[in-house]
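Here's the structure we're looking at; comments come further down.
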Amino acid sequence: MRIGYMRVNPLEKNAEQIVEQFQNKAQVKRMYWEQMSVKETSKPEFDRMMEYAREGDEIIVPEFARFSKTLMELVKTIEELNKIGV
């Protein structure tokens, strides 16, 4: 299954439209997104996505900056996803 995830800046007034356009363009079946600033540490939708992801799933993101805050976080997440076959 194709899963989408993105973090949207809280200042973006058309966040829902941005997410919907991405979801349609990327043809994802399940979309997780949160509207939050870079300073926030809690990512409940990201955690839900990680719990939901299964072997064979694909996670589609519009850009790495909307997926993780740091390179180390990105590498750790990719390692976790590889372990379960995503």
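Every chain in the structure tokens has a letter given in the order shown (A, B, ...), and although residue numbers restart at 1 in each chain, ligands are simply numbered from 1 in the order shown.
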
>> Using only C-alpha atoms, which protein or nucleic acid residues come within 10 Å of segment 43-47 of chain A? Drop anything in the same chain fewer than 6 positions from it, and give the result as a ChimeraX atom specification.
In response: /A:5-7,31-36,67-68

Export N, CA and C atoms of the chosen residues as a compact mmCIF listing (two decimals), in the first residue's frame?
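As a result, again-v2.txt now contains:
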# COMPACT_ATOMS: atom_id res chain seq x y z
N TYR A 5 3.05 10.81 3.90
CA TYR A 5 3.26 11.55 5.14
C TYR A 5 3.87 12.91 4.81
N MET A 6 3.39 13.92 5.50
CA MET A 6 4.02 15.22 5.41
C MET A 6 3.72 16.07 6.62
N ARG A 7 4.67 16.92 6.92
CA ARG A 7 4.54 17.90 7.98
C ARG A 7 4.32 19.24 7.29
N MET A 31 -3.16 8.64 4.06
CA MET A 31 -2.37 9.85 4.23
C MET A 31 -2.29 10.23 5.70
N TYR A 32 -1.08 10.52 6.15
CA TYR A 32 -0.84 11.02 7.50
C TYR A 32 -0.17 12.38 7.35
N TRP A 33 -0.68 13.36 8.07
CA TRP A 33 -0.05 14.68 8.02
C TRP A 33 -0.33 15.44 9.30
N GLU A 34 0.54 16.37 9.59
CA GLU A 34 0.35 17.21 10.76
C GLU A 34 0.81 18.62 10.46
N GLN A 35 0.11 19.55 11.04
CA GLN A 35 0.43 20.96 10.87
C GLN A 35 1.17 21.39 12.13
N MET A 36 2.47 21.54 11.99
CA MET A 36 3.29 21.84 13.16
C MET A 36 4.55 22.60 12.78
N PHE A 67 9.51 15.39 6.09
CA PHE A 67 9.46 14.05 6.68
C PHE A 67 10.24 13.97 7.98
N SER A 68 11.39 14.60 8.02
CA SER A 68 12.20 14.58 9.24
C SER A 68 12.88 15.93 9.42

> Using the chain letters and numbers from this document, which residues of segment 16-50 of chain A does DSSP assign to alpha helix (DSSP H), as JSON, numbers by chain?
Replying inline: {"A": [16, 17, 18, 19, 20, 21, 22, 23, 24, 25, 26, 44, 45, 46, 47, 48, 49, 50]}

>> Show me, as a list in words, the residues that have an atom within 7 Å of Arg2 of chain A when counting only C-alpha atoms, minus same-chain residues fewer than 6 positions from it.
In response: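 Listing them by chain and then by number gives Val28, Lys29, Arg30, Asp57, Glu58, Ile59 and Ile60 of chain A.
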
Next, write the just-selected residues to a file, as a CSV table (one decimal), in the first residue's frame, keeping C-alpha atoms as the atom set.
chain,number,residue,atom,x,y,z
A,28,VAL,CA,-1.5,7.3,-1.9
A,29,LYS,CA,-4.2,5.2,-0.3
A,30,ARG,CA,-3.6,6.4,3.3
A,57,ASP,CA,4.2,-0.7,1.9
A,58,GLU,CA,5.7,2.4,0.3
A,59,ILE,CA,6.0,5.6,2.2
A,60,ILE,CA,5.8,8.6,-0.1

> Which residue out of A:Leu11, A:Ile78, A:Met50, A:Val38 has the minimum interatomic distance to Arg66 of chain A when only C-alpha atoms are used?
Replying inline: A:Val38

> Taking the backbone alone, and naming residues the way the document does, which bits of chain A are strand (DSSP E or B) by DSSP, as a count of residues only?
Replying inline: 16
